[in-house]
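J.: So here's structure.cif (mmCIF, C-alpha atoms).
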```cif
data_structure
#
loop_
_atom_site.label_atom_id
_atom_site.label_comp_id
_atom_site.auth_asym_id
_atom_site.auth_seq_id
_atom_site.Cartn_x
_atom_site.Cartn_y
_atom_site.Cartn_z
CA MET A 1 0.00 0.00 0.00
CA SER A 2 1.52 3.29 -0.98
CA GLU A 3 0.81 6.52 0.84
CA SER A 4 -1.07 7.94 -2.05
CA ASP A 5 -3.33 4.92 -2.42
CA SER A 6 -4.52 5.23 1.13
CA ALA A 7 -4.46 9.01 0.88
CA LYS A 8 -7.03 8.79 -1.86
CA GLN A 9 -9.43 7.03 0.45
CA ARG A 10 -8.49 8.39 3.85
CA ARG A 11 -7.13 11.87 3.59
CA PRO A 12 -10.02 14.29 3.88
CA GLY A 13 -9.95 16.18 0.67
CA GLY A 14 -8.73 13.44 -1.62
CA GLY A 15 -11.59 13.56 -4.08
CA TRP A 16 -13.78 15.93 -6.02
CA LYS A 17 -15.63 16.85 -2.87
CA ALA A 18 -12.46 18.52 -1.66
CA ILE A 19 -12.26 20.78 -4.69
CA VAL A 20 -15.84 21.87 -4.19
CA ILE A 21 -15.27 22.55 -0.49
CA TRP A 22 -12.03 24.47 -1.04
CA LEU A 23 -13.55 26.45 -3.89
CA ALA A 24 -16.49 27.34 -1.69
CA VAL A 25 -14.11 28.39 1.11
CA SER A 26 -12.04 30.48 -1.33
CA LEU A 27 -15.15 32.07 -2.76
CA ALA A 28 -16.45 32.92 0.71
CA MET A 29 -13.05 34.38 1.60
CA GLY A 30 -13.05 36.37 -1.63
CA VAL A 31 -16.50 37.80 -1.02
CA LEU A 32 -15.67 38.63 2.58
CA CYS A 33 -12.37 40.21 1.53
CA TRP A 34 -14.13 42.30 -1.12
CA TYR A 35 -16.74 43.35 1.42
CA LEU A 36 -14.22 44.23 4.16
CA ASP A 37 -11.27 45.62 2.21
CA GLY A 38 -12.65 46.39 -1.23
CA PRO A 39 -11.84 45.12 -4.73
CA ASP A 40 -8.22 46.30 -4.55
CA ALA A 41 -7.50 43.86 -1.75
CA VAL A 42 -8.98 40.98 -3.74
CA GLU A 43 -6.93 41.99 -6.76
CA ALA A 44 -3.75 42.21 -4.69
CA SER A 45 -4.43 38.71 -3.32
CA LEU A 46 -4.97 37.31 -6.79
CA ASP A 47 -1.79 38.93 -8.16
CA ASN A 48 0.12 37.52 -5.25
CA TYR A 49 -1.55 34.16 -5.76
CA VAL A 50 -0.60 33.93 -9.43
CA SER A 51 3.05 34.69 -8.74
CA GLN A 52 3.12 32.13 -5.92
CA ILE A 53 1.56 29.47 -8.12
CA LEU A 54 4.11 30.14 -10.86
CA ASN A 55 6.83 29.78 -8.24
CA LEU A 56 5.36 26.57 -6.91
CA ILE A 57 4.73 24.66 -10.14
CA PRO A 58 8.35 23.67 -10.89
CA ARG A 59 9.05 23.06 -7.21
CA MET A 60 5.98 21.00 -6.39
CA SER A 61 6.56 18.88 -9.51
CA ALA A 62 9.97 17.95 -8.17
CA ALA A 63 8.55 17.48 -4.68
CA VAL A 64 5.92 15.02 -5.88
CA LEU A 65 8.55 12.97 -7.73
CA ILE A 66 10.67 12.89 -4.59
CA GLY A 67 7.67 11.67 -2.60
CA GLY A 68 7.05 8.86 -5.07
CA PHE A 69 10.64 7.65 -5.13
CA ILE A 70 11.18 7.83 -1.39
CA GLN A 71 8.21 5.52 -0.91
CA VAL A 72 9.93 2.99 -3.12
CA LEU A 73 13.34 3.38 -1.47
CA VAL A 74 12.28 3.33 2.19
CA PRO A 75 9.67 0.62 2.75
CA ARG A 76 7.90 0.35 6.08
CA SER A 77 9.53 -2.94 6.95
CA LEU A 78 12.91 -1.21 7.06
CA VAL A 79 11.68 1.35 9.59
CA ALA A 80 10.29 -1.33 11.87
CA ARG A 81 13.58 -3.20 11.82
CA TRP A 82 15.64 -0.12 12.70
CA LEU A 83 13.39 0.96 15.52
CA GLY A 84 13.46 -2.47 17.14
CA ASP A 85 16.96 -2.14 18.56
CA GLY A 86 18.22 0.25 21.18
CA ALA A 87 16.95 1.39 24.56
CA GLY A 88 17.74 4.30 26.86
CA PHE A 89 19.51 7.33 25.44
CA ARG A 90 20.88 5.32 22.55
CA GLY A 91 17.30 4.28 21.75
CA ILE A 92 16.26 7.93 21.70
CA LEU A 93 19.01 8.79 19.22
CA ILE A 94 18.10 5.85 16.98
CA ALA A 95 14.39 6.70 17.12
CA THR A 96 15.21 10.31 16.21
CA GLY A 97 17.22 9.27 13.17
CA VAL A 98 14.66 6.74 12.01
CA GLY A 99 11.78 9.22 12.47
CA ALA A 100 13.58 11.81 10.39
CA LEU A 101 14.04 9.31 7.56
CA THR A 102 10.54 7.84 7.61
CA PRO A 103 8.55 9.05 4.62
CA GLY A 104 4.82 9.56 4.34
CA GLY A 105 1.94 11.18 6.15
CA PRO A 106 0.01 10.07 9.24
CA MET A 107 -1.75 7.36 7.26
CA LEU A 108 1.61 5.68 7.04
CA ALA A 109 3.23 6.60 10.36
CA PHE A 110 0.43 5.77 12.80
CA PRO A 111 -0.30 2.22 11.66
CA LEU A 112 3.45 1.64 11.96
CA VAL A 113 3.59 3.07 15.48
CA LEU A 114 0.64 0.95 16.54
CA VAL A 115 2.30 -2.21 15.30
CA LEU A 116 5.58 -1.33 16.99
CA ARG A 117 3.88 -0.50 20.26
CA ASN A 118 1.87 -3.71 20.20
CA SER A 119 5.00 -5.71 19.59
CA GLY A 120 6.62 -4.29 22.71
CA ALA A 121 8.42 -1.05 21.76
CA SER A 122 8.71 1.38 24.67
CA LEU A 123 6.67 4.55 24.97
CA THR A 124 9.94 6.51 24.90
CA SER A 125 11.06 5.15 21.57
CA VAL A 126 7.70 5.39 19.76
CA ILE A 127 6.98 8.94 20.98
CA THR A 128 10.51 10.04 20.13
CA PHE A 129 9.98 8.46 16.73
CA ILE A 130 6.65 10.28 16.15
CA THR A 131 8.13 13.60 17.27
CA ALA A 132 11.16 13.23 15.02
CA TRP A 133 8.92 12.23 12.13
CA ALA A 134 6.76 15.32 12.78
CA VAL A 135 9.49 17.95 13.13
CA LEU A 136 12.49 16.50 11.29
CA GLY A 137 10.85 14.37 8.60
CA ILE A 138 13.00 14.98 5.53
CA HIS A 139 10.19 13.81 3.29
CA ARG A 140 7.88 16.62 4.39
CA ILE A 141 10.65 19.20 4.15
CA VAL A 142 11.50 18.49 0.54
CA MET A 143 7.89 18.01 -0.40
CA TRP A 144 6.39 21.09 1.32
CA GLU A 145 8.78 23.31 3.19
CA LEU A 146 11.45 23.91 0.54
CA PRO A 147 8.94 24.78 -2.21
CA PHE A 148 6.91 27.09 0.01
CA MET A 149 9.37 28.62 2.44
CA GLY A 150 12.76 28.41 0.74
CA THR A 151 16.15 27.06 1.71
CA GLU A 152 17.18 29.43 4.47
CA PHE A 153 13.93 29.14 6.43
CA ALA A 154 13.94 25.35 6.09
CA ALA A 155 17.57 25.14 7.23
CA VAL A 156 17.08 27.37 10.26
CA ARG A 157 13.92 25.56 11.30
CA TYR A 158 15.58 22.19 10.86
CA ILE A 159 18.60 23.04 12.95
CA SER A 160 16.38 24.58 15.64
CA SER A 161 14.32 21.39 15.72
CA ILE A 162 17.13 18.84 16.05
CA PRO A 163 17.02 18.91 19.89
CA LEU A 164 13.22 18.56 20.03
CA PRO A 165 12.77 14.77 19.68
CA ILE A 166 15.59 14.27 22.19
CA ILE A 167 13.87 16.62 24.67
CA ALA A 168 10.59 14.77 24.12
CA GLY A 169 12.29 11.39 24.56
CA LEU A 170 14.01 12.39 27.80
CA THR A 171 10.73 13.84 29.11
CA ILE A 172 8.92 10.59 28.34
CA MET A 173 11.67 8.63 30.10
CA LEU A 174 11.06 10.79 33.15
CA ILE A 175 7.26 10.50 32.91
CA THR A 176 7.28 6.73 32.47
CA HIS A 177 9.69 6.44 35.39
CA PHE A 178 6.81 7.63 37.59
CA ILE A 179 3.69 6.30 35.89
CA GLY A 180 5.04 3.25 34.11
CA ASP A 181 5.40 2.44 30.45
CA ARG A 182 1.97 0.82 30.19
CA LYS A 183 -1.21 0.68 32.20
CA PRO A 184 -1.05 -2.35 34.52
CA ASP A 185 -3.70 -4.21 32.53
CA ASP A 186 -2.23 -3.29 29.18
CA THR A 187 0.06 -6.07 28.07
CA PRO A 188 1.68 -6.02 24.67
CA GLY A 189 -0.78 -7.33 22.14
CA SER A 190 -0.40 -10.33 19.92
CA PRO A 191 2.53 -10.18 17.54
CA PRO A 192 1.65 -8.20 14.44
CA GLU A 193 1.10 -10.06 11.21
CA THR A 194 3.17 -7.60 9.26
CA PRO A 195 5.15 -5.12 9.34
CA ARG A 196 8.19 -7.01 8.14
CA GLY A 197 6.52 -8.28 5.01
CA ALA A 198 4.73 -5.08 4.14
CA ALA A 199 6.58 -2.89 1.70
CA MET B 1 12.08 35.37 0.77
CA ASN B 2 15.00 33.65 -0.83
CA ILE B 3 13.63 30.57 -2.54
CA ASP B 4 15.96 30.56 -5.51
CA ALA B 5 18.23 27.75 -4.41
CA SER B 6 15.41 25.40 -3.47
CA ILE B 7 14.53 24.65 -7.08
CA TYR B 8 18.04 23.36 -7.83
CA ILE B 9 18.13 21.36 -4.62
CA LEU B 10 14.75 19.79 -5.34
CA TRP B 11 15.56 18.75 -8.91
CA GLY B 12 19.01 17.60 -7.80
CA VAL B 13 17.36 15.34 -5.24
CA VAL B 14 14.96 14.03 -7.92
CA GLY B 15 17.90 13.08 -10.14
CA PHE B 16 19.73 11.45 -7.28
CA LEU B 17 16.70 9.43 -6.13
CA VAL B 18 15.90 8.22 -9.65
CA LEU B 19 19.48 7.04 -10.14
CA LEU B 20 19.58 5.44 -6.69
CA THR B 21 16.29 3.63 -7.32
CA TRP B 22 17.53 2.43 -10.71
CA TYR B 23 20.77 1.20 -9.14
CA LYS B 24 19.08 -0.58 -6.22
CA GLN B 25 15.82 -1.82 -7.72
CA GLY B 26 16.19 -1.55 -11.49
CA PRO B 27 13.64 -0.26 -14.02
CA GLN B 28 10.78 -1.86 -12.07
CA GLY B 29 11.58 0.31 -9.03
CA VAL B 30 11.82 3.42 -11.19
CA ARG B 31 8.43 2.64 -12.69
CA GLU B 32 6.95 2.22 -9.19
CA GLY B 33 8.48 5.55 -8.21
CA PHE B 34 6.81 7.34 -11.11
CA THR B 35 3.50 5.61 -10.38
CA GLY B 36 3.70 6.68 -6.73
CA ALA B 37 4.56 10.23 -7.77
CA PHE B 38 1.65 10.30 -10.19
CA ASN B 39 -0.80 9.21 -7.47
CA LEU B 40 0.67 11.72 -5.05
CA GLY B 41 0.43 14.41 -7.71
CA LYS B 42 -3.26 13.72 -8.22
CA VAL B 43 -3.89 14.32 -4.52
CA VAL B 44 -1.73 17.45 -4.42
CA ILE B 45 -3.23 19.07 -7.50
CA ARG B 46 -6.74 18.64 -6.17
CA ILE B 47 -5.95 20.48 -2.95
CA VAL B 48 -2.98 22.84 -3.08
CA PRO B 49 -4.13 25.43 -5.65
CA PHE B 50 -7.42 25.94 -3.81
CA ALA B 51 -6.01 25.82 -0.28
CA LEU B 52 -3.37 28.36 -1.27
CA LEU B 53 -5.99 30.71 -2.69
CA ALA B 54 -8.11 30.47 0.45
CA ALA B 55 -5.05 31.00 2.67
CA MET B 56 -3.95 34.08 0.75
CA LEU B 57 -7.39 35.67 0.87
CA LEU B 58 -7.62 34.89 4.58
CA ALA B 59 -4.24 36.45 5.28
CA GLN B 60 -5.18 39.48 3.16
CA MET B 61 -8.19 40.09 5.38
CA ILE B 62 -6.34 40.01 8.69
CA PRO B 63 -4.97 43.53 8.97
CA GLN B 64 -1.23 43.60 8.55
CA GLN B 65 -0.68 45.60 11.72
CA ILE B 66 -2.40 42.91 13.75
CA ILE B 67 -0.25 40.09 12.40
CA ALA B 68 2.88 42.21 12.67
CA GLY B 69 1.92 43.23 16.21
CA VAL B 70 0.93 39.82 17.52
CA ILE B 71 3.48 37.54 15.81
CA GLY B 72 5.78 40.05 14.12
CA ALA B 73 9.55 40.06 14.45
CA GLU B 74 9.31 42.42 17.44
CA SER B 75 6.75 40.31 19.29
CA GLY B 76 9.46 38.22 20.96
CA LEU B 77 8.65 35.32 23.26
CA THR B 78 4.96 36.22 23.56
CA GLY B 79 4.66 36.07 19.79
CA ILE B 80 6.45 32.74 19.73
CA VAL B 81 3.99 31.27 22.26
CA ILE B 82 0.96 32.65 20.39
CA ALA B 83 2.29 31.39 17.05
CA SER B 84 2.92 27.93 18.53
CA LEU B 85 -0.68 27.66 19.74
CA ALA B 86 -2.06 29.06 16.49
CA GLY B 87 -0.05 26.48 14.56
CA GLY B 88 -1.48 23.68 16.68
CA LEU B 89 -4.98 24.85 15.81
CA VAL B 90 -4.52 24.70 12.02
CA PRO B 91 -7.20 22.15 11.25
CA SER B 92 -5.48 20.44 8.36
CA GLY B 93 -2.42 18.91 6.77
CA PRO B 94 0.66 20.44 5.12
CA PHE B 95 -1.42 21.51 2.11
CA LEU B 96 -2.94 24.22 4.31
CA SER B 97 -0.30 24.94 6.95
CA PHE B 98 2.50 25.82 4.52
CA PRO B 99 0.37 28.14 2.35
CA LEU B 100 -0.77 29.79 5.59
CA ALA B 101 2.79 30.20 6.82
CA LEU B 102 3.78 31.74 3.49
CA SER B 103 0.84 34.16 3.62
CA LEU B 104 1.64 35.10 7.21
CA TYR B 105 5.21 35.81 6.18
CA HIS B 106 3.99 38.18 3.48
CA THR B 107 1.74 39.96 5.97
CA GLY B 108 4.45 40.66 8.51
CA ALA B 109 4.99 37.63 10.75
CA GLY B 110 8.49 37.26 12.20
CA LEU B 111 10.67 34.31 11.18
CA PRO B 112 11.20 32.77 14.65
CA GLN B 113 7.45 33.11 15.18
CA LEU B 114 6.79 31.34 11.88
CA ILE B 115 9.13 28.53 12.89
CA ALA B 116 7.18 28.20 16.15
CA PHE B 117 3.98 28.19 14.08
CA ILE B 118 5.17 25.34 11.85
CA THR B 119 6.51 23.40 14.82
CA GLY B 120 3.26 23.92 16.76
CA TRP B 121 1.36 22.60 13.79
CA SER B 122 3.76 19.60 13.61
CA VAL B 123 3.65 18.50 17.25
CA TYR B 124 0.32 19.71 18.69
CA ALA B 125 -1.38 18.76 15.41
CA SER B 126 -4.99 19.02 16.56
CA PHE B 127 -6.22 17.58 13.26
CA ARG B 128 -3.84 14.63 13.26
CA VAL B 129 -4.63 13.94 16.92
CA ILE B 130 -8.37 13.76 16.28
CA VAL B 131 -8.24 11.85 13.03
CA TRP B 132 -5.36 9.47 13.68
CA GLU B 133 -3.77 9.49 17.09
CA LEU B 134 -6.75 9.27 19.46
CA PRO B 135 -8.53 6.52 17.50
CA MET B 136 -5.39 4.46 16.91
CA MET B 137 -3.19 5.04 19.94
CA GLY B 138 -5.71 5.91 22.66
CA THR B 139 -6.08 8.75 25.14
CA ARG B 140 -3.26 7.83 27.50
CA PHE B 141 -0.66 7.70 24.74
CA THR B 142 -1.88 10.95 23.22
CA LEU B 143 -1.89 12.84 26.51
CA ILE B 144 1.59 11.63 27.45
CA ARG B 145 2.90 12.62 24.03
CA LEU B 146 1.30 16.06 24.22
CA ALA B 147 2.67 16.62 27.73
CA ALA B 148 6.18 15.84 26.53
CA SER B 149 5.70 18.05 23.46
CA ALA B 150 4.24 21.12 25.15
CA ILE B 151 7.38 23.25 25.19
CA LEU B 152 8.90 22.03 21.92
CA PRO B 153 7.57 24.73 19.54
CA VAL B 154 8.64 27.45 21.96
CA VAL B 155 12.13 25.91 22.19
CA ALA B 156 12.34 25.80 18.39
CA GLY B 157 11.20 29.44 18.14
CA ILE B 158 13.77 30.61 20.68
CA LEU B 159 16.61 28.65 19.05
CA ALA B 160 15.59 30.01 15.65
CA GLY B 161 15.58 33.55 17.05
CA LEU B 162 19.12 33.03 18.33
CA MET B 163 20.21 31.67 14.95
CA TYR B 164 18.71 34.59 13.04
CA GLU B 165 20.55 36.96 15.35
CA LEU B 166 23.81 35.26 14.42
CA LEU B 167 23.04 35.20 10.67
#
```
Starting from the file, lay out its structure as structure tokens.
T.:
Amino acid sequence: MSESDSAKQRRPGGGWKAIVIWLAVSLAMGVLCWYLDGPDAVEASLDNYVSQILNLIPRMSAAVLIGGFIQVLVPRSLVARWLGDGAGFRGILIATGVGALTPGGPMLAFPLVLVLRNSGASLTSVITFITAWAVLGIHRIVMWELPFMGTEFAAVRYISSIPLPIIAGLTIMLITHFIGDRKPDDTPGSPPETPRGAA
Amino acid sequence: MNIDASIYILWGVVGFLVLLTWYKQGPQGVREGFTGAFNLGKVVIRIVPFALLAAMLLAQMIPQQIIAGVIGAESGLTGIVIASLAGGLVPSGPFLSFPLALSLYHTGAGLPQLIAFITGWSVYASFRVIVWELPMMGTRFTLIRLAASAILPVVAGILAGLMYELL
């Protein structure tokens, strides 16, 4: 299952309905903008919009190709294998690295986290992984941040975010020290059928 | 904003990934890559142009002085905190948050504040929490994760502010 296959079904806004909704939202915004700020404001927005779109076309085309190829190069099974080894601070560092390299949106990451958690991964490593995936995910940066925000912004944000998964991981270590890794009645579930086979 | 270099980086990465896929998985892998990209492109093209238009009109309506005052470059730590929370409330995926960030930049938001905004969207992620995390991982997991993530966007904003001062 590729990200885009499931995205078509699951991501709100995959189909034609999305276009209608977004067009309606844009139209409402346009009318409101005209009403509040006058036709000049609408015209300024549209001018700005056209130049942004022209900027985005060559960049998003590349971004989409990158997304497609990363899905082929980094299958889910690989992520699961990496995340399986390492506990403590070393585990946090591994989970950070793996999270940064894991491609795809939430429809890919959360099923993976669920499987890992059910097969015994600690709260520290899965939450560090999710945090790293959210703030350091290279896939999202090339696909969205570089085209929209440019190189300098992306670089500064990235460097500023490198400590974040580590902070989160250490905090979870502290929290679970007091309240435990699982609820007393919550034992690791049955071994998952996948993820090793799933690509 | 300087976005000139990004186009070369992006197409450079495309070239590299195509060659790497060819080397590791042969023509079959390359074909799968293009198929995946095509499917991804269909999703993107149905959302981004419209979300961007809506975001730009929205940002146009919020008076520039308000954005500049609340999350402008001079707004400091308060602005970073507000931007973090605002980011967490963006009710959607990257196809809305990045157009919004771009529009906010054009209407006077400060760069450290924007970085806090993006990070708040990434880790608080109200939309992702409701649609994915709560149903799949449960309340306990979600609350523990949010507790450990509470200060992260503020940390990122402060570090970014320090970096911009050095640049």
J.: Since I can't run it myself right now, could you work out what the PyMOL selection byres ((chain B and resi 83) around 10) selects here and report it as an MDAnalysis selection string?
T.: chainID B and resid 70:72 77:82 84:89 109:110 112:121 153:154 157
J.: Hey, what comes out of the PyMOL selection byres ((chain B and resi 94-97) around 6) on this file? Could you write it as a ChimeraX atom specification?
T.: /B:48,51,93,98-100
J.: Give as number ranges by chain the residues that the PyMOL selection byres ((chain B) within 6 of (chain A)) matches when applied to the coordinates above.
T.: B: 2-3, 6-7, 10-11, 14, 33, 36-37, 39-41, 43, 50, 54, 57, 61, 115, 122, 148-149, 152, 156, 159-160
J.: Generate a file of the selected residues that holds C-alpha atoms, formatted as a PDB file, keeping the file's coordinate frame.
T.:
```
ATOM      1  CA  ASN B   2      15.000  33.650  -0.830  1.00  0.00           C
ATOM      2  CA  ILE B   3      13.630  30.570  -2.540  1.00  0.00           C
ATOM      3  CA  SER B   6      15.410  25.400  -3.470  1.00  0.00           C
ATOM      4  CA  ILE B   7      14.530  24.650  -7.080  1.00  0.00           C
ATOM      5  CA  LEU B  10      14.750  19.790  -5.340  1.00  0.00           C
ATOM      6  CA  TRP B  11      15.560  18.750  -8.910  1.00  0.00           C
ATOM      7  CA  VAL B  14      14.960  14.030  -7.920  1.00  0.00           C
ATOM      8  CA  GLY B  33       8.480   5.550  -8.210  1.00  0.00           C
ATOM      9  CA  GLY B  36       3.700   6.680  -6.730  1.00  0.00           C
ATOM     10  CA  ALA B  37       4.560  10.230  -7.770  1.00  0.00           C
ATOM     11  CA  ASN B  39      -0.800   9.210  -7.470  1.00  0.00           C
ATOM     12  CA  LEU B  40       0.670  11.720  -5.050  1.00  0.00           C
ATOM     13  CA  GLY B  41       0.430  14.410  -7.710  1.00  0.00           C
ATOM     14  CA  VAL B  43      -3.890  14.320  -4.520  1.00  0.00           C
ATOM     15  CA  PHE B  50      -7.420  25.940  -3.810  1.00  0.00           C
ATOM     16  CA  ALA B  54      -8.110  30.470   0.450  1.00  0.00           C
ATOM     17  CA  LEU B  57      -7.390  35.670   0.870  1.00  0.00           C
ATOM     18  CA  MET B  61      -8.190  40.090   5.380  1.00  0.00           C
ATOM     19  CA  ILE B 115       9.130  28.530  12.890  1.00  0.00           C
ATOM     20  CA  SER B 122       3.760  19.600  13.610  1.00  0.00           C
ATOM     21  CA  ALA B 148       6.180  15.840  26.530  1.00  0.00           C
ATOM     22  CA  SER B 149       5.700  18.050  23.460  1.00  0.00           C
ATOM     23  CA  LEU B 152       8.900  22.030  21.920  1.00  0.00           C
ATOM     24  CA  ALA B 156      12.340  25.800  18.390  1.00  0.00           C
ATOM     25  CA  LEU B 159      16.610  28.650  19.050  1.00  0.00           C
ATOM     26  CA  ALA B 160      15.590  30.010  15.650  1.00  0.00           C
TER      27      ALA B 160
END
```
J.: Quick check, in Å to one decimal: how far apart do atom CA of Phe16 of chain B and atom CA of Pro49 of chain B lie?
T.: 27.7 Å
J.: Could you work out how far atom CA of Arg145 of chain B lies from atom CA of Glu133 of chain B, giving the answer in Å with one decimal?
T.: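 Pair atom CA of Glu133 of chain B / atom CA of Arg145 of chain B returns 10.1 Å.
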J.: Name the residues in contact with Leu146 of chain B at a cut-off of 10 Å, using all atoms listed in the file, excluding same-chain residues fewer than 3 positions from it; report them as a list in words.
T.: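 The filter keeps Ile127 and Ala168 of chain A; Val123, Tyr124, Ala125, Val129, Arg140, Phe141, Thr142, Leu143, Ser149, Ala150, Ile151 and Leu152 of chain B.
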J.: What is the atom CA of Leu111 of chain B to atom CA of Ala73 of chain B distance in Å?
T.: 6.7 Å
